[in-house]
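Shown next: data.cif, containing mmCIF, C-alpha atoms and all ligand atoms.
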data_data
loop_
_atom_site.label_atom_id
_atom_site.label_comp_id
_atom_site.auth_asym_id
_atom_site.auth_seq_id
_atom_site.Cartn_x
_atom_site.Cartn_y
_atom_site.Cartn_z
CA MET A 1 0.00 0.00 0.00
CA THR A 2 1.30 3.48 -0.83
CA GLN A 3 2.45 5.43 2.19
CA PRO A 4 1.04 8.95 2.66
CA ILE A 5 3.43 11.73 1.72
CA ILE A 6 1.95 13.85 4.47
CA SER A 7 0.32 12.41 7.55
CA ILE A 8 -1.43 14.31 10.33
CA GLN A 9 -1.84 12.16 13.42
CA HIS A 10 -3.88 13.00 16.51
CA LEU A 11 -3.53 16.75 16.09
CA ASN A 12 -4.90 18.75 19.01
CA ILE A 13 -4.86 22.53 19.22
CA VAL A 14 -5.81 24.57 22.26
CA ASN A 15 -5.63 28.35 22.37
CA GLY A 16 -3.67 29.55 25.44
CA GLY A 17 -5.75 29.94 28.58
CA THR A 18 -8.92 28.37 27.15
CA ALA A 19 -10.23 24.91 27.92
CA ASN A 20 -12.05 24.10 24.69
CA PRO A 21 -9.78 22.58 22.04
CA LEU A 22 -10.00 24.12 18.56
CA LEU A 23 -8.87 20.84 16.96
CA LYS A 24 -9.54 17.45 18.54
CA ASN A 25 -7.55 14.38 17.58
CA VAL A 26 -7.48 15.23 13.87
CA SER A 27 -5.89 12.58 11.64
CA ILE A 28 -5.56 13.08 7.88
CA ASN A 29 -3.39 11.26 5.32
CA VAL A 30 -2.64 12.42 1.79
CA LYS A 31 -0.79 10.17 -0.65
CA LYS A 32 1.37 11.21 -3.60
CA GLY A 33 -0.82 12.08 -6.56
CA GLU A 34 -4.00 12.24 -4.48
CA ILE A 35 -6.42 15.17 -4.26
CA VAL A 36 -7.99 15.03 -0.82
CA GLY A 37 -10.89 17.24 0.16
CA LEU A 38 -11.31 18.70 3.65
CA ILE A 39 -14.86 19.95 3.97
CA GLY A 40 -16.81 21.49 6.82
CA GLU A 41 -18.66 24.62 7.79
CA SER A 42 -17.05 27.93 8.66
CA GLY A 43 -15.07 27.79 11.90
CA SER A 44 -14.79 23.99 11.94
CA GLY A 45 -10.97 24.09 11.92
CA LYS A 46 -9.98 23.56 8.27
CA SER A 47 -7.64 26.55 8.03
CA LEU A 48 -6.05 25.81 11.42
CA THR A 49 -5.19 22.34 10.10
CA ALA A 50 -3.51 23.90 7.07
CA LYS A 51 -1.68 26.47 9.17
CA ALA A 52 -0.37 23.71 11.45
CA ILE A 53 1.22 22.02 8.41
CA MET A 54 2.75 25.33 7.31
CA GLY A 55 4.00 26.22 10.83
CA LEU A 56 1.88 29.36 10.81
CA LEU A 57 -0.12 28.94 14.01
CA PRO A 58 0.02 31.78 16.56
CA SER A 59 2.50 31.12 19.36
CA THR A 60 -0.38 31.29 21.88
CA MET A 61 -1.71 27.98 20.57
CA LYS A 62 -0.65 24.73 22.24
CA VAL A 63 -0.27 21.97 19.67
CA THR A 64 0.12 18.23 20.24
CA GLY A 65 0.20 15.28 17.82
CA ARG A 66 2.38 14.67 14.78
CA ILE A 67 2.54 15.97 11.23
CA THR A 68 4.91 13.71 9.32
CA TYR A 69 6.42 14.72 5.99
CA LYS A 70 9.19 12.57 4.48
CA GLY A 71 10.01 11.15 7.91
CA ASN A 72 10.19 14.54 9.67
CA ASP A 73 7.69 15.63 12.29
CA LEU A 74 6.89 19.18 11.19
CA LEU A 75 5.65 20.07 14.68
CA THR A 76 9.07 19.48 16.26
CA LEU A 77 11.27 20.46 13.31
CA PRO A 78 13.32 23.62 14.07
CA SER A 79 11.57 26.57 12.43
CA LYS A 80 14.56 27.28 10.19
CA GLU A 81 14.39 23.70 8.80
CA HIS A 82 10.60 23.93 8.50
CA ARG A 83 10.83 27.18 6.52
CA LYS A 84 13.27 25.54 4.08
CA LEU A 85 10.52 23.07 3.10
CA LEU A 86 7.99 25.78 2.34
CA GLY A 87 7.60 26.76 -1.29
CA LYS A 88 9.34 24.04 -3.26
CA GLU A 89 8.20 21.08 -1.11
CA ILE A 90 5.07 22.22 0.72
CA ALA A 91 3.14 25.20 -0.62
CA MET A 92 -0.17 26.79 0.24
CA ILE A 93 -2.57 28.91 -1.75
CA PHE A 94 -4.39 31.08 0.77
CA GLN A 95 -8.04 32.01 1.02
CA ASP A 96 -7.04 35.63 1.49
CA TYR A 97 -4.91 36.43 -1.55
CA ARG A 98 -4.46 40.12 -0.70
CA GLY A 99 -1.23 39.53 1.22
CA SER A 100 0.31 37.47 -1.60
CA PHE A 101 2.01 40.44 -3.27
CA THR A 102 3.79 43.52 -1.97
CA PRO A 103 1.69 46.44 -3.30
CA PHE A 104 4.44 48.57 -4.87
CA ILE A 105 6.47 45.91 -6.67
CA LYS A 106 5.33 44.69 -10.08
CA VAL A 107 3.63 41.30 -10.08
CA GLY A 108 6.04 39.80 -12.63
CA LYS A 109 9.11 40.80 -10.60
CA GLN A 110 7.64 39.16 -7.49
CA ILE A 111 6.71 35.94 -9.31
CA LEU A 112 10.14 35.80 -10.94
CA GLU A 113 11.92 36.23 -7.60
CA THR A 114 9.84 33.47 -6.05
CA ILE A 115 10.55 31.09 -8.95
CA CYS A 116 14.29 31.84 -8.97
CA THR A 117 14.52 31.40 -5.16
CA HIS A 118 12.92 27.96 -5.21
CA GLN A 119 13.94 26.55 -8.61
CA PRO A 120 17.40 26.12 -10.14
CA VAL A 121 16.62 28.45 -13.07
CA GLY A 122 17.98 31.76 -14.33
CA LYS A 123 15.94 34.93 -14.90
CA LYS A 124 15.21 34.24 -18.57
CA GLU A 125 13.84 30.75 -17.96
CA GLY A 126 12.08 31.99 -14.82
CA LYS A 127 10.26 34.64 -16.83
CA THR A 128 9.15 32.06 -19.41
CA ILE A 129 7.79 29.84 -16.60
CA ALA A 130 6.00 32.85 -15.05
CA LEU A 131 4.38 33.89 -18.32
CA THR A 132 3.31 30.30 -19.06
CA VAL A 133 1.55 29.81 -15.71
CA LEU A 134 -0.08 33.24 -15.88
CA GLU A 135 -1.45 32.31 -19.30
CA LYS A 136 -2.69 28.95 -17.97
CA MET A 137 -4.69 30.91 -15.41
CA GLY A 138 -6.49 32.62 -18.29
CA LEU A 139 -4.71 35.94 -17.73
CA ASP A 140 -3.26 38.37 -20.23
CA ALA A 141 0.18 37.17 -19.13
CA GLU A 142 2.34 40.05 -20.48
CA ARG A 143 0.05 42.72 -19.03
CA VAL A 144 -0.26 41.09 -15.62
CA TYR A 145 3.53 40.49 -15.53
CA ARG A 146 4.26 44.22 -15.88
CA SER A 147 1.41 45.44 -13.63
CA TYR A 148 1.41 46.51 -10.00
CA PRO A 149 -1.07 44.50 -7.88
CA PHE A 150 -3.31 47.58 -7.43
CA GLU A 151 -3.72 47.81 -11.22
CA LEU A 152 -5.43 44.39 -11.28
CA SER A 153 -8.86 43.21 -10.19
CA GLY A 154 -9.21 41.02 -7.08
CA GLY A 155 -9.83 37.91 -9.21
CA GLN A 156 -6.79 38.68 -11.38
CA VAL A 157 -4.55 39.08 -8.30
CA GLN A 158 -5.91 35.79 -6.93
CA ARG A 159 -5.16 33.96 -10.19
CA ALA A 160 -1.67 35.53 -10.36
CA SER A 161 -0.97 34.38 -6.79
CA ILE A 162 -2.16 30.85 -7.67
CA ALA A 163 0.09 30.94 -10.77
CA MET A 164 3.08 31.89 -8.59
CA ILE A 165 2.56 28.88 -6.29
CA LEU A 166 1.86 26.41 -9.12
CA ALA A 167 5.05 27.51 -10.89
CA LEU A 168 6.98 26.01 -7.96
CA LYS A 169 5.54 22.52 -8.62
CA PRO A 170 5.51 21.59 -4.92
CA SER A 171 5.27 18.00 -3.63
CA VAL A 172 2.39 18.95 -1.35
CA LEU A 173 -0.08 21.66 -2.29
CA ILE A 174 -2.61 23.04 0.19
CA CYS A 175 -5.48 24.98 -1.36
CA ASP A 176 -7.62 26.92 1.13
CA GLU A 177 -10.94 28.01 -0.44
CA ILE A 178 -9.06 29.16 -3.51
CA THR A 179 -11.99 29.68 -5.86
CA THR A 180 -14.15 31.76 -3.51
CA ALA A 181 -13.03 35.06 -5.08
CA LEU A 182 -13.34 33.79 -8.67
CA ASP A 183 -16.21 33.61 -11.14
CA VAL A 184 -17.37 30.12 -12.11
CA MET A 185 -15.44 29.90 -15.38
CA ASN A 186 -12.14 31.07 -13.94
CA GLY A 187 -12.65 28.87 -10.87
CA GLU A 188 -13.05 25.84 -13.13
CA ARG A 189 -10.02 26.85 -15.17
CA VAL A 190 -7.85 27.09 -12.04
CA LEU A 191 -9.08 23.71 -10.75
CA ASP A 192 -8.48 22.11 -14.16
CA TYR A 193 -4.91 23.37 -14.11
CA ILE A 194 -4.32 22.10 -10.56
CA GLU A 195 -5.52 18.68 -11.71
CA LYS A 196 -3.15 18.88 -14.68
CA VAL A 197 -0.22 19.79 -12.40
CA ARG A 198 -1.17 16.86 -10.14
CA ASN A 199 -1.23 14.49 -13.13
CA GLU A 200 2.11 15.76 -14.42
CA THR A 201 4.06 16.05 -11.17
CA GLY A 202 2.24 13.58 -8.87
CA CYS A 203 1.92 16.22 -6.17
CA ALA A 204 -0.42 15.59 -3.24
CA VAL A 205 -3.21 18.16 -2.90
CA LEU A 206 -5.20 19.01 0.23
CA MET A 207 -8.24 20.89 -1.05
CA ILE A 208 -10.00 22.82 1.72
CA THR A 209 -13.49 23.89 0.78
CA HIS A 210 -17.01 24.34 2.03
CA ASP A 211 -18.26 23.78 -1.53
CA LEU A 212 -19.54 20.21 -1.55
CA THR A 213 -20.08 20.12 -5.29
CA LEU A 214 -16.45 21.08 -5.85
CA ALA A 215 -15.32 18.38 -3.41
CA TYR A 216 -17.42 15.69 -5.12
CA LYS A 217 -16.26 16.67 -8.59
CA ARG A 218 -12.61 17.35 -7.91
CA THR A 219 -11.31 15.12 -5.13
CA ASP A 220 -10.33 11.46 -4.78
CA ARG A 221 -11.19 11.23 -1.09
CA ILE A 222 -12.95 13.47 1.40
CA TYR A 223 -12.61 14.19 5.13
CA VAL A 224 -15.56 15.87 6.84
CA MET A 225 -14.70 18.21 9.70
CA HIS A 226 -17.16 19.36 12.34
CA GLN A 227 -16.30 21.51 15.37
CA GLY A 228 -12.61 20.64 15.24
CA ASP A 229 -13.21 16.92 14.75
CA ILE A 230 -12.91 14.65 11.71
CA VAL A 231 -16.32 12.98 11.77
CA GLU A 232 -16.18 11.02 8.52
CA GLU A 233 -13.78 9.99 5.75
CA GLY A 234 -14.37 8.23 2.45
CA LEU A 235 -14.59 8.29 -1.32
CA PRO A 236 -16.74 11.15 -2.68
CA GLU A 237 -19.55 8.72 -3.60
CA GLN A 238 -19.43 7.08 -0.16
CA ILE A 239 -19.68 10.45 1.55
CA ARG A 240 -22.52 11.43 -0.75
CA CYS A 241 -24.60 8.24 -0.65
CA HIS A 242 -23.51 6.18 2.37
CA HIS A 243 -22.58 8.73 5.02
CA GLN A 244 -22.97 7.75 8.66
CA HIS A 245 -22.58 10.91 10.69
CA PRO A 246 -25.60 13.20 11.30
CA TYR A 247 -23.51 16.27 10.42
CA THR A 248 -22.52 14.79 7.02
CA LYS A 249 -26.16 13.94 6.45
CA LYS A 250 -27.11 17.56 7.13
CA LEU A 251 -24.35 18.79 4.79
CA CYS A 252 -25.38 16.41 2.00
CA SER A 253 -29.07 17.18 2.33
CA CYS A 254 -28.29 20.78 1.32
CA LEU A 255 -26.71 19.48 -1.87
CA LEU A 256 -29.25 16.79 -2.65
CA SER A 257 -32.13 19.22 -2.28
CA LEU A 258 -30.92 21.05 -5.40
CA PRO A 259 -33.63 20.82 -8.07
CA GLU A 260 -31.50 18.63 -10.34
CA ASN A 261 -34.27 16.73 -12.08
CA GLN A 262 -37.10 19.10 -11.43
CA SER A 263 -38.71 20.42 -14.61
CA LEU A 264 -38.23 24.15 -14.59
CA PRO A 265 -40.70 26.57 -16.16
CA GLN A 266 -39.75 27.58 -19.69
CA ALA A 267 -38.03 30.94 -19.62
CA LYS A 268 -37.96 33.28 -22.55
CA VAL A 269 -34.41 34.20 -23.51
CA SER A 270 -33.77 36.99 -25.94
CA MET A 271 -30.54 37.30 -27.87
CA LEU A 272 -29.06 40.76 -28.14
N1 LIG B 301 -5.70 33.28 15.70
C1 LIG B 301 -6.72 32.67 16.32
N2 LIG B 301 -6.90 32.85 17.64
C2 LIG B 301 -7.93 32.24 18.30
N3 LIG B 301 -8.83 31.43 17.72
C3 LIG B 301 -8.69 31.23 16.40
C4 LIG B 301 -7.64 31.82 15.61
N4 LIG B 301 -7.78 31.43 14.34
C5 LIG B 301 -8.87 30.64 14.31
N5 LIG B 301 -9.41 30.51 15.53
C6 LIG B 301 -10.61 29.73 15.90
O1 LIG B 301 -10.39 28.38 15.51
C7 LIG B 301 -11.58 27.81 15.01
C8 LIG B 301 -11.34 27.22 13.63
O2 LIG B 301 -10.99 28.29 12.75
P1 LIG B 301 -10.57 28.02 11.22
O3 LIG B 301 -10.06 29.31 10.69
O4 LIG B 301 -9.66 26.86 11.17
O5 LIG B 301 -11.99 27.66 10.58
P2 LIG B 301 -12.34 27.23 9.07
O6 LIG B 301 -12.99 25.89 9.14
O7 LIG B 301 -11.15 27.37 8.21
O8 LIG B 301 -13.44 28.34 8.70
P3 LIG B 301 -13.66 29.18 7.34
O9 LIG B 301 -14.29 28.21 6.36
O10 LIG B 301 -14.61 30.25 7.76
O11 LIG B 301 -12.33 29.69 6.91
C9 LIG B 301 -12.64 28.91 15.01
O12 LIG B 301 -13.44 28.77 16.14
C10 LIG B 301 -11.82 30.18 15.10
O13 LIG B 301 -12.51 31.19 15.78
#

For the structure just supplied, provide its representation as structure tokens.
Amino acid sequence: MTQPIISIQHLNIVNGGTANPLLKNVSINVKKGEIVGLIGESGSGKSLTAKAIMGLLPSTMKVTGRITYKGNDLLTLPSKEHRKLLGKEIAMIFQDYRGSFTPFIKVGKQILETICTHQPVGKKEGKTIALTVLEKMGLDAERVYRSYPFELSGGQVQRASIAMILALKPSVLICDEITTALDVMNGERVLDYIEKVRNETGCAVLMITHDLTLAYKRTDRIYVMHQGDIVEEGLPEQIRCHHQHPYTKKLCSCLLSLPENQSLPQAKVSML
């Protein structure tokens, strides 16, 4: 059986001075080449799980358990060693993209610097990689490359920040609600490209989302999180049709109540 590339075991997080744990005994495994969904309502602990992997939790939080990556426990790894893994090996696309770029440095320069820091390439090759990924995100690559972040729309900045991370081709990619700021077509385009990168590089993807449809369509396996607990895990179809936990049932009932087969009244559409 293939071993997970990243394994979270019995992760508990308590915020200093409070009794209620924010995460309770969370265990999640992601194998090479797998896209794993982590779904749950707002505040259930999805982002804290991601931040624990990235070593980005506030120092006030007390963390126990293990997060194993290539034999290292990320929770006990010295922060200098942990930081070395970020980018090329473990990368995260954040829900809040606004901090991805420094406002007064052109987007292209920032992407190029990131690529050249993490990949053994020179500036010329780095620029070609940057332009290619920007184009894959459906952007006017040349224009975005020479723009300042404030000259772009929110969705364009988000796609440029996703391009910057995907250019690094990490072994583990964490995506935290990455399509929330995007329109449907661009969201699909970004997810298609992530799938392509996964197929080409075999990277492991942890896809955090509260969008059940996205999780069903785009992941190989799903974990359901509720109030800091993993309450269910399985294949998308198992979660959809054979769930056991009352919370998963509640989640799925929202999706299944969509009027999929209902005959809708004929609407008149006029072409302009
Ligand atoms: N810096 C912090 N200090 C104290 N509590 C925090 C902090 N960050 C998050 N929390 C708490 O931890 C819990 C889980 O938060 P988390 O951000 O992981 O939720 P989430 O599932 O990602 O939600 P969303 O889908 O809204 O992003 C919440 O109760 C939240 O209030």

| task | Could you please extract the residues within 12 Å of ligand LIG 301 (chain B), counting only C-alpha atoms and all ligand atoms, and hand them back as a ChimeraX atom specification? | result | /A:12-18,20-24,38-52,56-62,94-96,175-178,180,207-211,224-230

| said: Can you tell me which residues surround Ser100 in chain A at a distance of at most 10 Å, considering all atoms listed in the file, apart from same-chain residues fewer than 6 positions away, and format the answer as an NGL selection string? | reply: :A and (93-94 or 107 or 110 or 149 or 157-158 or 160-162 or 164)

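The shortest atom-to-atom distance to Leu112 in chain A, with only C-alpha atoms taken into account, belongs to A:Ala167 out of A:Arg159, A:Ala167, A:Ala91, A:Tyr69.
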
| field | Cut-off 10 Å around (11.0, 33.3, -6.0) with only C-alpha atoms: residues as number ranges by chain | value | A: 87-88, 109-119, 126, 164-165, 167-168

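The shortest atom-to-atom distance to Glu200 in chain A, with only C-alpha atoms taken into account, belongs to A:Lys169 out of A:Thr102, A:Gly234, A:Tyr247, A:Lys169.
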
| field | Close residues, Leu212 in chain A itself excluded, 10 Å, only C-alpha atoms, min 3 positions apart in chain, as a list in words | value | Gly37, Leu38, Ile39, Gly40, Thr209, Ala215, Tyr216, Lys217, Arg218, Ile222, Pro236, Arg240, Leu251, Cys252, Cys254 and Leu255 of chain A

| query | Nearest to Lys70 in chain A: which of A:Ile129, A:Ala181, A:Met54, A:Ile90 is it, counting all atoms listed in the file? | reply | A:Ile90

| message | With only C-alpha atoms as the counted atoms, please give the residues lying no more than 8 Å from range 183-189 of chain A, apart from itself and same-chain residues fewer than 5 positions off, as a list in words. | response |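 Close residues of range 183-189 of chain A: Met137, Gly138 and Gly155 of chain A.
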
Just write the chosen residues, C-alpha atoms, as a PDB file, in the coordinates of the input.
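selection31.pdb was written with the following content:
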ATOM      1  CA  MET A 137      -4.690  30.910 -15.410  1.00  0.00           C
ATOM      2  CA  GLY A 138      -6.490  32.620 -18.290  1.00  0.00           C
ATOM      3  CA  GLY A 155      -9.830  37.910  -9.210  1.00  0.00           C
TER       4      GLY A 155
END

| field | Using only C-alpha atoms: which of A:Ile28, A:Ile35, A:Val172, A:Ile194 has the shortest distance to Ile5 in chain A | value |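 When distances to Ile5 in chain A are compared using only C-alpha atoms, the smallest one comes from A:Val172.
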